[in-house]
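S.K.: The structure follows.
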Amino acid sequence: MAQMKRKMKIGNIMYWLIALIWLIVSIFPLYFTMISSVKNDSEIFSNYFLPTMTPNFSNYIVANEMTGILKAILNSLFVSIGTVVIMLILVIPLAYVVARQRILFTNTVTLYVMAALMVPLQCAVVPIVQNVNAIHGQNNMFVLMLLYAAINMPMSFFILTGAISDISAELDESAAIDGAGLIQTIFRIIAPVAKPSIATCSIVTFLAVYNELALANVLITEKAKRTISVALLLFKGDSGTLYSITFAAIILCIIPTIIFYIVAQEKVEKGLSDGALKG
């Protein structure tokens, strides 16, 4: 019994030690970014880990004046939210009809979507840009949202297909008896039941689009329409990088995601866990 207690105690110590190491590794980048955002470049390199005694909050003002980072944050939020809405409107009905086998060649559709999932975005940038240029869609936020929605649909499709497959078909029959049409059944009956998986798709897509660079960098050239990833590139010039200003801009960029997580922490965690398990 004493030996068993000793093993349990060692196990608990190891558990908390690993948890502490993970906490430090996870929190250090944010800590370093925050303290560096109010330093001068010379202080960053002379004193890496300790905060400055004379914080320079004007770095945030300079960051916005140089690149319009606040406008870029609003643009990224607009594009991210718009993309999530468009993607859900398209992918929920598709996942439903495939899960319920309401259309012919469901396996073909699944293989087609799987093929799209396997194509790296970097391989498709050139043809995407060529096609967008052909329709004069440069600097068009709606075109960018459509592209992002299409790119993020495959993963969401598989998550939602698995989730809807686990929902009893009796709900569909009950809705049909009550006179509900196909669209009403999908969005008023099935979608609320699949809410955890829909939350998962929304969260993953939002974060992916909010931080996307490759397409935004080549399709958006107007300063007023830049997203955060494109705006952050402007801090690196031929004469060097303004590290303190860059760190200040990064802090401004991550504030919306931190607020989002604090407000929706429970739903975020439940959506990611439940949705992933069902998908």
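Identifiers for the structure tokens are assigned positionally: chains receive A, B, ... in sequence, residues are indexed from 1 per chain, and ligands are indexed from 1 in the order shown.
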Name all residues at most 8 Å from Leu232 of chain A (count only C-alpha atoms; drop same-chain ones fewer than 6 positions away) and give them as a list of chain:residue names.
M.R.: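 Once the nearby chain positions are removed, what remains is A:Thr67, A:Ile69, A:Thr246, A:Ala249, A:Ile250.
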S.K.: Can you pull out every residue within 10 Å of Met53 of chain A, counting only C-alpha atoms, but drop anything in the same chain fewer than 3 positions away, and send it as a list of chain:residue names?
M.R.: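 Selected residues are A:Val38, A:Lys39, A:Leu50, A:Asn56.
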S.K.: Could you jot down the atom CA of Leu146 of chain A to atom CA of Pro120 of chain A separation for me, Å, one decimal place?
M.R.: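 Spanning atom CA of Leu146 of chain A to atom CA of Pro120 of chain A is a straight-line distance of 17.5 Å.
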S.K.: Can you pull out the residues contacting segment 80-91 of chain A? Cut-off 6 Å, using only C-alpha atoms, and skip same-chain residues under 2 positions away; I want them as JSON, numbers by chain.
M.R.: {"A": [76, 77, 78, 93, 94, 95, 145, 149, 157, 202, 206, 209, 210]}
S.K.: With C-alpha atoms retained, export the selected residues as an mmCIF file, in the first residue's frame.
M.R.:
data_model
loop_
_atom_site.group_PDB
_atom_site.id
_atom_site.type_symbol
_atom_site.label_atom_id
_atom_site.label_comp_id
_atom_site.auth_asym_id
_atom_site.auth_seq_id
_atom_site.Cartn_x
_atom_site.Cartn_y
_atom_site.Cartn_z
ATOM 1 C CA SER A 76 -9.847 40.792 -41.324
ATOM 2 C CA LEU A 77 -12.827 40.539 -38.966
ATOM 3 C CA PHE A 78 -15.229 41.448 -41.793
ATOM 4 C CA PRO A 93 -27.071 21.550 -46.976
ATOM 5 C CA LEU A 94 -24.310 19.677 -48.837
ATOM 6 C CA ALA A 95 -23.339 17.696 -45.735
ATOM 7 C CA MET A 145 -14.609 35.598 -48.999
ATOM 8 C CA ALA A 149 -15.236 29.684 -48.088
ATOM 9 C CA PHE A 157 -17.914 19.037 -44.925
ATOM 10 C CA SER A 202 -16.945 28.162 -37.530
ATOM 11 C CA PHE A 206 -12.542 31.987 -38.562
ATOM 12 C CA VAL A 209 -9.087 33.132 -42.490
ATOM 13 C CA TYR A 210 -8.143 35.751 -39.893
#
S.K.: Apply DSSP to the structure's backbone, then extract all residues of segment 206-264 of chain A labelled alpha helix (DSSP H) and return them as a PDB file with N, CA and C atoms, in the first residue's frame.
M.R.:
ATOM      1  N   PHE A 206     -12.790  30.594 -38.943  1.00  0.00           N
ATOM      2  CA  PHE A 206     -12.542  31.987 -38.562  1.00  0.00           C
ATOM      3  C   PHE A 206     -11.058  32.223 -38.304  1.00  0.00           C
ATOM      4  N   LEU A 207     -10.446  31.354 -37.525  1.00  0.00           N
ATOM      5  CA  LEU A 207      -9.032  31.539 -37.193  1.00  0.00           C
ATOM      6  C   LEU A 207      -8.145  31.374 -38.426  1.00  0.00           C
ATOM      7  N   ALA A 208      -8.487  30.426 -39.303  1.00  0.00           N
ATOM      8  CA  ALA A 208      -7.691  30.209 -40.512  1.00  0.00           C
ATOM      9  C   ALA A 208      -7.749  31.419 -41.433  1.00  0.00           C
ATOM     10  N   VAL A 209      -8.929  31.980 -41.599  1.00  0.00           N
ATOM     11  CA  VAL A 209      -9.087  33.132 -42.490  1.00  0.00           C
ATOM     12  C   VAL A 209      -8.488  34.386 -41.869  1.00  0.00           C
ATOM     13  N   TYR A 210      -8.653  34.557 -40.575  1.00  0.00           N
ATOM     14  CA  TYR A 210      -8.143  35.751 -39.893  1.00  0.00           C
ATOM     15  C   TYR A 210      -6.631  35.866 -40.037  1.00  0.00           C
ATOM     16  N   ALA A 214      -1.347  34.098 -47.931  1.00  0.00           N
ATOM     17  CA  ALA A 214      -0.966  33.827 -49.324  1.00  0.00           C
ATOM     18  C   ALA A 214      -1.891  34.501 -50.330  1.00  0.00           C
ATOM     19  N   LEU A 215      -3.196  34.283 -50.206  1.00  0.00           N
ATOM     20  CA  LEU A 215      -4.134  34.865 -51.165  1.00  0.00           C
ATOM     21  C   LEU A 215      -4.318  36.360 -50.945  1.00  0.00           C
ATOM     22  N   ALA A 216      -4.441  36.762 -49.693  1.00  0.00           N
ATOM     23  CA  ALA A 216      -4.647  38.184 -49.397  1.00  0.00           C
ATOM     24  C   ALA A 216      -3.480  39.028 -49.906  1.00  0.00           C
ATOM     25  N   ASN A 217      -2.292  38.478 -49.852  1.00  0.00           N
ATOM     26  CA  ASN A 217      -1.100  39.221 -50.253  1.00  0.00           C
ATOM     27  C   ASN A 217      -1.062  39.500 -51.753  1.00  0.00           C
ATOM     28  N   VAL A 218      -1.642  38.615 -52.555  1.00  0.00           N
ATOM     29  CA  VAL A 218      -1.586  38.793 -54.012  1.00  0.00           C
ATOM     30  C   VAL A 218      -2.888  39.349 -54.589  1.00  0.00           C
ATOM     31  N   LEU A 219      -3.991  39.221 -53.853  1.00  0.00           N
ATOM     32  CA  LEU A 219      -5.274  39.683 -54.390  1.00  0.00           C
ATOM     33  C   LEU A 219      -5.693  41.047 -53.860  1.00  0.00           C
ATOM     34  N   ILE A 228      -4.749  41.836 -41.824  1.00  0.00           N
ATOM     35  CA  ILE A 228      -3.667  41.988 -40.847  1.00  0.00           C
ATOM     36  C   ILE A 228      -2.365  41.349 -41.309  1.00  0.00           C
ATOM     37  N   SER A 229      -2.449  40.195 -41.956  1.00  0.00           N
ATOM     38  CA  SER A 229      -1.224  39.511 -42.378  1.00  0.00           C
ATOM     39  C   SER A 229      -0.452  40.327 -43.399  1.00  0.00           C
ATOM     40  N   VAL A 230      -1.180  40.979 -44.300  1.00  0.00           N
ATOM     41  CA  VAL A 230      -0.538  41.822 -45.312  1.00  0.00           C
ATOM     42  C   VAL A 230       0.027  43.080 -44.666  1.00  0.00           C
ATOM     43  N   ALA A 231      -0.723  43.653 -43.740  1.00  0.00           N
ATOM     44  CA  ALA A 231      -0.268  44.877 -43.076  1.00  0.00           C
ATOM     45  C   ALA A 231       0.998  44.617 -42.255  1.00  0.00           C
ATOM     46  N   LEU A 232       1.077  43.471 -41.621  1.00  0.00           N
ATOM     47  CA  LEU A 232       2.254  43.168 -40.794  1.00  0.00           C
ATOM     48  C   LEU A 232       3.522  43.031 -41.633  1.00  0.00           C
ATOM     49  N   LEU A 233       3.391  42.664 -42.895  1.00  0.00           N
ATOM     50  CA  LEU A 233       4.567  42.550 -43.762  1.00  0.00           C
ATOM     51  C   LEU A 233       5.241  43.887 -43.997  1.00  0.00           C
ATOM     52  N   TYR A 243      11.251  46.064 -34.795  1.00  0.00           N
ATOM     53  CA  TYR A 243      10.736  44.972 -33.980  1.00  0.00           C
ATOM     54  C   TYR A 243       9.727  45.441 -32.934  1.00  0.00           C
ATOM     55  N   SER A 244      10.011  46.511 -32.249  1.00  0.00           N
ATOM     56  CA  SER A 244       9.100  46.972 -31.199  1.00  0.00           C
ATOM     57  C   SER A 244       7.749  47.378 -31.787  1.00  0.00           C
ATOM     58  N   ILE A 245       7.772  48.060 -32.923  1.00  0.00           N
ATOM     59  CA  ILE A 245       6.525  48.463 -33.582  1.00  0.00           C
ATOM     60  C   ILE A 245       5.768  47.236 -34.079  1.00  0.00           C
ATOM     61  N   THR A 246       6.528  46.263 -34.591  1.00  0.00           N
ATOM     62  CA  THR A 246       5.900  45.033 -35.067  1.00  0.00           C
ATOM     63  C   THR A 246       5.217  44.282 -33.928  1.00  0.00           C
ATOM     64  N   PHE A 247       5.886  44.190 -32.778  1.00  0.00           N
ATOM     65  CA  PHE A 247       5.284  43.516 -31.625  1.00  0.00           C
ATOM     66  C   PHE A 247       4.019  44.243 -31.159  1.00  0.00           C
ATOM     67  N   ALA A 248       4.038  45.567 -31.202  1.00  0.00           N
ATOM     68  CA  ALA A 248       2.851  46.335 -30.822  1.00  0.00           C
ATOM     69  C   ALA A 248       1.691  46.033 -31.770  1.00  0.00           C
ATOM     70  N   ALA A 249       1.988  45.953 -33.063  1.00  0.00           N
ATOM     71  CA  ALA A 249       0.946  45.634 -34.049  1.00  0.00           C
ATOM     72  C   ALA A 249       0.403  44.223 -33.832  1.00  0.00           C
ATOM     73  N   ILE A 250       1.272  43.290 -33.485  1.00  0.00           N
ATOM     74  CA  ILE A 250       0.837  41.910 -33.242  1.00  0.00           C
ATOM     75  C   ILE A 250      -0.117  41.854 -32.056  1.00  0.00           C
ATOM     76  N   ILE A 251       0.202  42.594 -30.994  1.00  0.00           N
ATOM     77  CA  ILE A 251      -0.691  42.627 -29.831  1.00  0.00           C
ATOM     78  C   ILE A 251      -2.067  43.156 -30.228  1.00  0.00           C
ATOM     79  N   LEU A 252      -2.099  44.207 -31.040  1.00  0.00           N
ATOM     80  CA  LEU A 252      -3.380  44.743 -31.503  1.00  0.00           C
ATOM     81  C   LEU A 252      -4.151  43.704 -32.309  1.00  0.00           C
ATOM     82  N   CYS A 253      -3.424  42.906 -33.094  1.00  0.00           N
ATOM     83  CA  CYS A 253      -4.072  41.916 -33.956  1.00  0.00           C
ATOM     84  C   CYS A 253      -4.659  40.747 -33.174  1.00  0.00           C
ATOM     85  N   ILE A 254      -4.028  40.372 -32.072  1.00  0.00           N
ATOM     86  CA  ILE A 254      -4.517  39.204 -31.337  1.00  0.00           C
ATOM     87  C   ILE A 254      -5.572  39.562 -30.293  1.00  0.00           C
ATOM     88  N   ILE A 255      -5.772  40.852 -30.035  1.00  0.00           N
ATOM     89  CA  ILE A 255      -6.796  41.259 -29.063  1.00  0.00           C
ATOM     90  C   ILE A 255      -8.176  40.721 -29.442  1.00  0.00           C
ATOM     91  N   PRO A 256      -8.637  40.837 -30.717  1.00  0.00           N
ATOM     92  CA  PRO A 256      -9.973  40.312 -31.046  1.00  0.00           C
ATOM     93  C   PRO A 256     -10.118  38.819 -30.782  1.00  0.00           C
ATOM     94  N   THR A 257      -9.081  38.031 -31.077  1.00  0.00           N
ATOM     95  CA  THR A 257      -9.185  36.590 -30.855  1.00  0.00           C
ATOM     96  C   THR A 257      -9.194  36.260 -29.358  1.00  0.00           C
ATOM     97  N   ILE A 258      -8.451  37.037 -28.563  1.00  0.00           N
ATOM     98  CA  ILE A 258      -8.449  36.818 -27.109  1.00  0.00           C
ATOM     99  C   ILE A 258      -9.814  37.158 -26.527  1.00  0.00           C
ATOM    100  N   ILE A 259     -10.386  38.278 -26.942  1.00  0.00           N
ATOM    101  CA  ILE A 259     -11.715  38.664 -26.465  1.00  0.00           C
ATOM    102  C   ILE A 259     -12.744  37.614 -26.875  1.00  0.00           C
ATOM    103  N   PHE A 260     -12.644  37.147 -28.113  1.00  0.00           N
ATOM    104  CA  PHE A 260     -13.569  36.133 -28.615  1.00  0.00           C
ATOM    105  C   PHE A 260     -13.496  34.870 -27.757  1.00  0.00           C
ATOM    106  N   TYR A 261     -12.287  34.457 -27.411  1.00  0.00           N
ATOM    107  CA  TYR A 261     -12.130  33.233 -26.622  1.00  0.00           C
ATOM    108  C   TYR A 261     -12.638  33.430 -25.192  1.00  0.00           C
ATOM    109  N   ILE A 262     -12.364  34.601 -24.604  1.00  0.00           N
ATOM    110  CA  ILE A 262     -12.825  34.857 -23.234  1.00  0.00           C
ATOM    111  C   ILE A 262     -14.352  34.852 -23.174  1.00  0.00           C
ATOM    112  N   VAL A 263     -14.989  35.482 -24.152  1.00  0.00           N
ATOM    113  CA  VAL A 263     -16.452  35.586 -24.173  1.00  0.00           C
ATOM    114  C   VAL A 263     -17.090  34.226 -24.438  1.00  0.00           C
TER     115      VAL A 263
END
